[in-house]
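Note sheet for the following structure.
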Amino acid sequence: MQHAQYETIIGLEIHIQLATATKLFSGTATIYGREPNTQACIIDLGLPGVLPVLNTAAVAMAIKFGLSINASINKRSEFARKNYFYPDLPKGYQISQHVLPIVENGYVDVFLKDSDTKRINITRAHLEEDSGKLLHESFHGMSGIDFNRAGIPLLEIVSAPDMRTAAEAVAYVKTIHNLVRYLEICDGNMQEGSLRCDVNVSIRKHGETKLGTRNEIKNLNSFRFIERAIEHETARQIAALERGEIIAQETRLYDTTQNETRVLRSKEEALDYRYFPDPDLLPLIVDDEYIAVIQKTLPELPRQKYERFQRIYSLNKYDAAILSSSKEMADYFETALQEISKDTIEIAPTKSTNTNIINTTTANVIAQKMNAAAKLTANWIISELLGVLNRENSDITQSPITPQQLAKLLQRIQDNTISGKAAKEIFGEMLRSKENVDAIIVNKNLQQISNIDELEYLIEKVVHENSEQVAQYRAGKEAVFGFLVGQIMKATRGKANPQQANILLKEKLNEG
Ligand code: MN
C-alpha cells in the first residue's frame, strides 16, 4: 500500500456525543434508540420564536476534556452559526463554535507498537449541536428524518495533521476513545454513533514541506473502517499522482462493502458556511474558580495509571500499557491483585518473623511479593484471559472469569498447591464450568506434591532405580541431574513441586 517515495499526512476530526441527560440548548432527553421524533422539542426543531438555553453540563464536560489533554481553556468563547442546507438540519444552520472555541492547544501521547509513544497535538475542541438523522430504510422508498439526535451536544476534537500511517491514526482514536470513557463524558459506543471520525488525508513526497491537497473522508465509526479508509485513500491518491493527475479537494465517503472511497461533494471552504456569531447566545464566560472546581473532578487518567502501574508494581511498559488501555481492564487487574495481596500483607510481618517490628527488610519482602503477584496477574490477564477474549471477539467486561476467581487460581500457584501447567488446565475448566478453583483442583487431582516425606520417598526410589546415572552424576557429569528430575516428574505425572524436588534430590545425591 505504502509507496517509498511518498508520505501520508493524516489529521482527524472526532465528534463525541457528550453524555448529558438533556440537549445542548433544550431540556429534551437524549436517550438513544427511542421512537423517532419522540425526543425533539420546538427548540431542537428550530421553530420560529424560540431561544436556545445553554446546557452547562456540556460546558463542564468540554472543560474536563480540555484539562485532561493539557489544553488551554478559553475563558471567553463564542457560539456561531454554521449555515448550510440539508434536510436533517431544521434551522438551516448548526450552532457551533468557530473563531473562539472553548478548548485550544492540547495534546495526547499515543501508544504505538513496541512501547513507543507519539505526541499528537490537538488544535482545538469545540462545542456544537448534532443534526437529525435521515432514515432511508422503512418508508416504502421514501426517506424519513428522525430529529431525536438534533441538538445532542457534541464535542468536536480537531487534531493537528500529525499522523503518518493508518495505524497511528487508529492508535490516536483509541486513545481519545479511552480517555473520554475514563472521563465519563461519552459512552464511546461507536455503533450507536457516540464517537464518529472524519479523516483528512493528503500525500506528499518525502522531504517536501508543503502539504498536498487533502481529502476528507466523512463519518467513520469503527477502528477497522478508519484503518481501511486511510489505506485505500492513500493508495488512490498515490496512483493519481503517479498518473500525473492533480488531487482535487473533496469530501468523500467510505463504502464499507466495496472497500473504496467515493466523492460525496467537492469540498466547501469555510467561507461557504458564512459563519457569524449567534445573536441568540451570549459569549460563554468561565472563570478560574470554575475551571479549578472541574479540575478537582478529574479521575486518574489512562496515562497516570500507566505510569503508576510501572512505579508501584514494577510492571514493564508493555504490560502497563495494555492494563491501562481501558478503565474496565485496569479495574479488573487491580481487583484481582488486591485479592491476592490481602494475604501477602497479612502473612509477611507476623508469620515470617517472630517480632512485631515491621522494618525495611520486611517491607522489601512484601514489596517483592507484591511485584511478583503483579507480574503473575499481568501475565495471566494478558496472555491467557485476553487470548481467550480476543478469540471470541469479546472484551474484559464480558469475561467469563471474575477477577476474584482468577485471583484464587493465582494464589494456588503462589502457595505451591498447583504448578503453572496445572493452572492452565484449571483455567480451561473454569471457562467451561462455573466450578470454583479448589473444587476443580480436587476433582481433577491436580495438587502438586510438595510434601517432603512423600517426595523423599519418591526420590529414594528414583535414585535406587537409576544407580548408573547416579554414579555418573557423582563422578562429575552434572547434566545427568536433569534426567533424574525428569524421572521424578514422570513418577508423579508432573505433579512434583519442581523447586522442592530439585532441592531434595540435590541433598540426596550429595549425601554420598
Ligand atoms: Mn463538526
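Residue names in the C-alpha cells use chain letters A, B, ... in the order shown, residue numbers from 1 in each chain, and ligand numbers from 1 in the order shown.
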inquiry  = List the spatial neighbours of range 282-293 of chain A as a ChimeraX atom specification - criterion: any atom at most 8 Å away, only C-alpha atoms, same-chain residues fewer than 3 positions off excluded.
reply    = /A:63,74-79,278-279,296-297
Pick out the residues sitting within 9 Å of Cys41 in chain A, and hand them over as an MDAnalysis selection string; count only C-alpha atoms, and ignore anything fewer than 6 positions along from it in its own chain.
chainID A and resid 26:28 147:148
Store the residues picked out above in a file with all heavy atoms, as a PDB file, in the first residue's frame.
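That gives us selection-v4.pdb:
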```
ATOM      1  N   SER A  26     -31.626  22.667  24.808  1.00  0.00           N
ATOM      2  CA  SER A  26     -33.010  22.472  25.256  1.00  0.00           C
ATOM      3  C   SER A  26     -33.028  21.430  26.374  1.00  0.00           C
ATOM      4  O   SER A  26     -32.032  20.749  26.609  1.00  0.00           O
ATOM      5  CB  SER A  26     -33.900  22.009  24.099  1.00  0.00           C
ATOM      6  OG  SER A  26     -33.749  20.615  23.882  1.00  0.00           O
ATOM      7  N   GLY A  27     -34.191  21.289  27.001  1.00  0.00           N
ATOM      8  CA  GLY A  27     -34.307  20.344  28.119  1.00  0.00           C
ATOM      9  C   GLY A  27     -34.764  18.963  27.685  1.00  0.00           C
ATOM     10  O   GLY A  27     -35.120  18.122  28.521  1.00  0.00           O
ATOM     11  N   THR A  28     -34.736  18.689  26.381  1.00  0.00           N
ATOM     12  CA  THR A  28     -35.206  17.395  25.880  1.00  0.00           C
ATOM     13  C   THR A  28     -34.198  16.285  26.196  1.00  0.00           C
ATOM     14  O   THR A  28     -32.984  16.513  26.154  1.00  0.00           O
ATOM     15  CB  THR A  28     -35.398  17.473  24.339  1.00  0.00           C
ATOM     16  OG1 THR A  28     -36.105  18.670  24.048  1.00  0.00           O
ATOM     17  CG2 THR A  28     -36.161  16.284  23.832  1.00  0.00           C
ATOM     18  N   PHE A 147     -35.508  13.445  14.343  1.00  0.00           N
ATOM     19  CA  PHE A 147     -34.871  14.599  14.991  1.00  0.00           C
ATOM     20  C   PHE A 147     -34.486  14.338  16.446  1.00  0.00           C
ATOM     21  O   PHE A 147     -34.131  15.259  17.167  1.00  0.00           O
ATOM     22  CB  PHE A 147     -35.772  15.839  14.880  1.00  0.00           C
ATOM     23  CG  PHE A 147     -35.797  16.410  13.489  1.00  0.00           C
ATOM     24  CD1 PHE A 147     -36.904  16.265  12.681  1.00  0.00           C
ATOM     25  CD2 PHE A 147     -34.686  17.059  12.977  1.00  0.00           C
ATOM     26  CE1 PHE A 147     -36.927  16.774  11.387  1.00  0.00           C
ATOM     27  CE2 PHE A 147     -34.693  17.565  11.675  1.00  0.00           C
ATOM     28  CZ  PHE A 147     -35.815  17.422  10.883  1.00  0.00           C
ATOM     29  N   ASN A 148     -34.593  13.073  16.877  1.00  0.00           N
ATOM     30  CA  ASN A 148     -34.170  12.784  18.257  1.00  0.00           C
ATOM     31  C   ASN A 148     -32.712  13.190  18.496  1.00  0.00           C
ATOM     32  O   ASN A 148     -32.335  13.576  19.589  1.00  0.00           O
ATOM     33  CB  ASN A 148     -34.310  11.288  18.564  1.00  0.00           C
ATOM     34  CG  ASN A 148     -35.764  10.882  18.768  1.00  0.00           C
ATOM     35  OD1 ASN A 148     -36.650  11.726  18.734  1.00  0.00           O
ATOM     36  ND2 ASN A 148     -35.994   9.597  18.979  1.00  0.00           N
TER      37      ASN A 148
END
```
Counting only C-alpha atoms, give me one row per residue of range 283-371 of chain A with an atom at most 10 Å from an atom of range 391-402 of chain A, showing the shortest contact pair and its distance in Å to one decimal, sorted by chain then residue number, as JSON lines.
```
{"residue": "A:Ser326", "atom": "CA", "partner": "A:Ile396", "partner_atom": "CA", "distance": 9.2}
{"residue": "A:Glu328", "atom": "CA", "partner": "A:Thr397", "partner_atom": "CA", "distance": 6.5}
{"residue": "A:Met329", "atom": "CA", "partner": "A:Ile396", "partner_atom": "CA", "distance": 6.1}
{"residue": "A:Ala330", "atom": "CA", "partner": "A:Ile396", "partner_atom": "CA", "distance": 9.8}
{"residue": "A:Asp331", "atom": "CA", "partner": "A:Ile396", "partner_atom": "CA", "distance": 10.0}
{"residue": "A:Tyr332", "atom": "CA", "partner": "A:Ile396", "partner_atom": "CA", "distance": 7.8}
{"residue": "A:Thr335", "atom": "CA", "partner": "A:Thr402", "partner_atom": "CA", "distance": 9.4}
{"residue": "A:Ala336", "atom": "CA", "partner": "A:Thr402", "partner_atom": "CA", "distance": 8.3}
```
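For range 12-131 of chain A, backbone-based DSSP assignment of helix (DSSP H, G or I) covers Thr56, Ala57, Ala58, Val59, Ala60, Met61, Ala62, Ile63, Lys64, Phe65, Gly66, Leu67, Ser68, Lys113, Asp114 and Ser115 of chain A.
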Atoms kept (N, CA, C and O atoms) for selection, written as a short mmCIF file (atom, residue, chain, number, x, y, z; two decimals), in the first residue's frame:
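Contents of the output file part-v4.cif:
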```cif
data_model
loop_
_atom_site.label_atom_id
_atom_site.label_comp_id
_atom_site.auth_asym_id
_atom_site.auth_seq_id
_atom_site.Cartn_x
_atom_site.Cartn_y
_atom_site.Cartn_z
N THR A 56 -25.19 23.78 30.86
CA THR A 56 -23.88 23.96 31.49
C THR A 56 -23.17 22.63 31.74
O THR A 56 -21.94 22.60 31.86
N ALA A 57 -23.92 21.54 31.79
CA ALA A 57 -23.28 20.23 31.97
C ALA A 57 -22.35 19.94 30.79
O ALA A 57 -21.26 19.38 30.96
N ALA A 58 -22.79 20.33 29.59
CA ALA A 58 -21.96 20.10 28.40
C ALA A 58 -20.69 20.95 28.47
O ALA A 58 -19.61 20.49 28.10
N VAL A 59 -20.84 22.17 28.99
CA VAL A 59 -19.68 23.05 29.12
C VAL A 59 -18.66 22.42 30.09
O VAL A 59 -17.46 22.36 29.82
N ALA A 60 -19.18 21.91 31.20
CA ALA A 60 -18.30 21.28 32.21
C ALA A 60 -17.54 20.11 31.59
O ALA A 60 -16.33 19.93 31.82
N MET A 61 -18.24 19.32 30.78
CA MET A 61 -17.58 18.15 30.17
C MET A 61 -16.51 18.59 29.16
O MET A 61 -15.45 17.97 29.07
N ALA A 62 -16.79 19.63 28.42
CA ALA A 62 -15.80 20.13 27.45
C ALA A 62 -14.54 20.60 28.19
O ALA A 62 -13.42 20.33 27.78
N ILE A 63 -14.75 21.29 29.30
CA ILE A 63 -13.60 21.78 30.08
C ILE A 63 -12.82 20.61 30.67
O ILE A 63 -11.58 20.58 30.65
N LYS A 64 -13.56 19.61 31.16
CA LYS A 64 -12.92 18.41 31.72
C LYS A 64 -12.01 17.77 30.66
O LYS A 64 -10.87 17.40 30.95
N PHE A 65 -12.53 17.68 29.45
CA PHE A 65 -11.71 17.12 28.37
C PHE A 65 -10.48 17.98 28.14
O PHE A 65 -9.35 17.48 28.04
N GLY A 66 -10.69 19.28 28.05
CA GLY A 66 -9.59 20.20 27.80
C GLY A 66 -8.49 20.06 28.84
O GLY A 66 -7.29 20.01 28.52
N LEU A 67 -8.88 19.96 30.11
CA LEU A 67 -7.88 19.84 31.17
C LEU A 67 -7.13 18.52 31.06
O LEU A 67 -5.93 18.46 31.33
N SER A 68 -7.83 17.48 30.63
CA SER A 68 -7.19 16.15 30.57
C SER A 68 -6.18 16.06 29.44
O SER A 68 -5.35 15.15 29.42
N LYS A 113 3.09 0.47 18.54
CA LYS A 113 3.71 -0.84 18.77
C LYS A 113 5.11 -0.66 19.37
O LYS A 113 5.71 0.38 19.25
N ASP A 114 5.60 -1.70 20.00
CA ASP A 114 6.94 -1.72 20.57
C ASP A 114 7.09 -0.69 21.68
O ASP A 114 8.17 -0.14 21.89
N SER A 115 6.00 -0.40 22.38
CA SER A 115 6.02 0.52 23.53
C SER A 115 6.50 1.93 23.18
O SER A 115 6.90 2.68 24.04
#
```
Check: Taking only C-alpha atoms and all ligand atoms into account, which residues are within 10 Å of ligand 1, as a list in words?
Finding: Glu13, Ile14, His15, Ile16, Lys82, Gln94, Ile95, Ser96, Gln97, Ala125, His126, Leu127, Glu128, Glu129, Asp130, Ser131, Leu154, Leu155, Glu156, Ile157, Val158, Cys197 and Asp198 of chain A
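One finds CA of Leu12 in chain A at 27.6 Å from CA of Ile145 in chain A.
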Shortest contact to Asn37 in chain A, candidates A:Glu339, A:Asp146, A:Glu7, A:Asp415, atoms counted only C-alpha atoms, goes to A:Asp146
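Nearest residue to Asp88 in chain A among A:Ala40, A:Ala150, A:Val53, A:Ala321 is A:Ala150, counting only C-alpha atoms.
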Margin query: Could you list, as a list in words, every residue within 10 Å of range 491-496 of chain A, counting only C-alpha atoms and ignoring same-chain residues fewer than 2 positions away?
Written below: Thr417, Ile418, Ser419, Lys421, Ala422, Asn445, Leu446, Gln447, Gln448, Ile449, Ser450, Asn451, Glu454, Leu455, Leu458, Ile459, Lys461, Val462, Val485, Gly486, Gln487, Ile488, Met489, Pro498, Gln499, Gln500, Ala501 and Asn502 of chain A
Since we have the selection now, will you write its residues out, keeping N, CA and C atoms, as a PDB file, in the first residue's frame?
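As written to disk, selection_22.pdb reads:
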```pdb
ATOM      1  N   THR A 417       0.268 -25.048  45.642  1.00  0.00           N
ATOM      2  CA  THR A 417      -0.702 -26.137  45.568  1.00  0.00           C
ATOM      3  C   THR A 417      -0.708 -26.752  44.178  1.00  0.00           C
ATOM      4  N   ILE A 418      -0.556 -25.891  43.171  1.00  0.00           N
ATOM      5  CA  ILE A 418      -0.565 -26.385  41.787  1.00  0.00           C
ATOM      6  C   ILE A 418       0.619 -25.815  41.014  1.00  0.00           C
ATOM      7  N   SER A 419       0.963 -26.498  39.940  1.00  0.00           N
ATOM      8  CA  SER A 419       2.024 -25.996  39.063  1.00  0.00           C
ATOM      9  C   SER A 419       1.406 -25.033  38.051  1.00  0.00           C
ATOM     10  N   LYS A 421       1.565 -25.327  34.949  1.00  0.00           N
ATOM     11  CA  LYS A 421       0.970 -26.142  33.889  1.00  0.00           C
ATOM     12  C   LYS A 421      -0.436 -26.588  34.288  1.00  0.00           C
ATOM     13  N   ALA A 422      -0.552 -27.054  35.544  1.00  0.00           N
ATOM     14  CA  ALA A 422      -1.875 -27.477  36.032  1.00  0.00           C
ATOM     15  C   ALA A 422      -2.825 -26.287  36.031  1.00  0.00           C
ATOM     16  N   ASN A 445      -7.640 -33.895  40.563  1.00  0.00           N
ATOM     17  CA  ASN A 445      -6.452 -34.409  41.238  1.00  0.00           C
ATOM     18  C   ASN A 445      -5.174 -33.719  40.741  1.00  0.00           C
ATOM     19  N   LEU A 446      -5.178 -32.411  40.817  1.00  0.00           N
ATOM     20  CA  LEU A 446      -4.064 -31.645  40.259  1.00  0.00           C
ATOM     21  C   LEU A 446      -3.147 -31.025  41.315  1.00  0.00           C
ATOM     22  N   GLN A 447      -3.351 -31.418  42.593  1.00  0.00           N
ATOM     23  CA  GLN A 447      -2.483 -30.844  43.616  1.00  0.00           C
ATOM     24  C   GLN A 447      -1.036 -31.219  43.330  1.00  0.00           C
ATOM     25  N   GLN A 448      -0.186 -30.290  43.552  1.00  0.00           N
ATOM     26  CA  GLN A 448       1.229 -30.534  43.400  1.00  0.00           C
ATOM     27  C   GLN A 448       1.714 -31.317  44.626  1.00  0.00           C
ATOM     28  N   ILE A 449       2.726 -32.156  44.429  1.00  0.00           N
ATOM     29  CA  ILE A 449       3.286 -32.833  45.599  1.00  0.00           C
ATOM     30  C   ILE A 449       4.433 -31.998  46.152  1.00  0.00           C
ATOM     31  N   SER A 450       4.172 -31.339  47.258  1.00  0.00           N
ATOM     32  CA  SER A 450       5.211 -30.539  47.892  1.00  0.00           C
ATOM     33  C   SER A 450       5.609 -31.156  49.228  1.00  0.00           C
ATOM     34  N   ASN A 451       4.846 -32.131  49.619  1.00  0.00           N
ATOM     35  CA  ASN A 451       5.072 -32.787  50.905  1.00  0.00           C
ATOM     36  C   ASN A 451       6.448 -33.464  50.917  1.00  0.00           C
ATOM     37  N   GLU A 454       6.662 -37.396  51.233  1.00  0.00           N
ATOM     38  CA  GLU A 454       6.230 -38.060  50.008  1.00  0.00           C
ATOM     39  C   GLU A 454       7.291 -37.948  48.914  1.00  0.00           C
ATOM     40  N   LEU A 455       7.864 -36.749  48.809  1.00  0.00           N
ATOM     41  CA  LEU A 455       8.878 -36.529  47.782  1.00  0.00           C
ATOM     42  C   LEU A 455      10.150 -37.317  48.090  1.00  0.00           C
ATOM     43  N   LEU A 458       9.855 -40.834  47.033  1.00  0.00           N
ATOM     44  CA  LEU A 458       9.958 -40.973  45.579  1.00  0.00           C
ATOM     45  C   LEU A 458      11.400 -40.845  45.100  1.00  0.00           C
ATOM     46  N   ILE A 459      12.113 -39.904  45.704  1.00  0.00           N
ATOM     47  CA  ILE A 459      13.498 -39.662  45.291  1.00  0.00           C
ATOM     48  C   ILE A 459      14.360 -40.881  45.610  1.00  0.00           C
ATOM     49  N   LYS A 461      13.408 -43.843  45.672  1.00  0.00           N
ATOM     50  CA  LYS A 461      13.065 -44.849  44.671  1.00  0.00           C
ATOM     51  C   LYS A 461      13.779 -44.569  43.338  1.00  0.00           C
ATOM     52  N   VAL A 462      13.733 -43.325  42.910  1.00  0.00           N
ATOM     53  CA  VAL A 462      14.351 -42.952  41.632  1.00  0.00           C
ATOM     54  C   VAL A 462      15.872 -43.165  41.697  1.00  0.00           C
ATOM     55  N   VAL A 485      15.678 -35.519  37.573  1.00  0.00           N
ATOM     56  CA  VAL A 485      14.484 -34.706  37.880  1.00  0.00           C
ATOM     57  C   VAL A 485      13.328 -35.160  36.992  1.00  0.00           C
ATOM     58  N   GLY A 486      13.667 -35.410  35.737  1.00  0.00           N
ATOM     59  CA  GLY A 486      12.660 -35.895  34.786  1.00  0.00           C
ATOM     60  C   GLY A 486      12.007 -37.183  35.262  1.00  0.00           C
ATOM     61  N   GLN A 487      12.813 -38.062  35.846  1.00  0.00           N
ATOM     62  CA  GLN A 487      12.278 -39.334  36.356  1.00  0.00           C
ATOM     63  C   GLN A 487      11.293 -39.096  37.506  1.00  0.00           C
ATOM     64  N   ILE A 488      11.618 -38.103  38.331  1.00  0.00           N
ATOM     65  CA  ILE A 488      10.714 -37.786  39.455  1.00  0.00           C
ATOM     66  C   ILE A 488       9.394 -37.240  38.915  1.00  0.00           C
ATOM     67  N   MET A 489       9.506 -36.342  37.943  1.00  0.00           N
ATOM     68  CA  MET A 489       8.295 -35.760  37.353  1.00  0.00           C
ATOM     69  C   MET A 489       7.461 -36.860  36.697  1.00  0.00           C
ATOM     70  N   PRO A 498       8.523 -28.708  41.414  1.00  0.00           N
ATOM     71  CA  PRO A 498       9.879 -28.801  40.863  1.00  0.00           C
ATOM     72  C   PRO A 498      10.974 -28.208  41.750  1.00  0.00           C
ATOM     73  N   GLN A 499      10.708 -27.044  42.368  1.00  0.00           N
ATOM     74  CA  GLN A 499      11.754 -26.457  43.218  1.00  0.00           C
ATOM     75  C   GLN A 499      12.079 -27.390  44.383  1.00  0.00           C
ATOM     76  N   GLN A 500      11.001 -27.846  45.013  1.00  0.00           N
ATOM     77  CA  GLN A 500      11.140 -28.738  46.167  1.00  0.00           C
ATOM     78  C   GLN A 500      11.892 -30.020  45.764  1.00  0.00           C
ATOM     79  N   ALA A 501      11.504 -30.599  44.634  1.00  0.00           N
ATOM     80  CA  ALA A 501      12.130 -31.834  44.158  1.00  0.00           C
ATOM     81  C   ALA A 501      13.616 -31.611  43.882  1.00  0.00           C
ATOM     82  N   ASN A 502      13.923 -30.461  43.247  1.00  0.00           N
ATOM     83  CA  ASN A 502      15.325 -30.125  42.956  1.00  0.00           C
ATOM     84  C   ASN A 502      16.168 -30.092  44.220  1.00  0.00           C
TER      85      ASN A 502
END
```
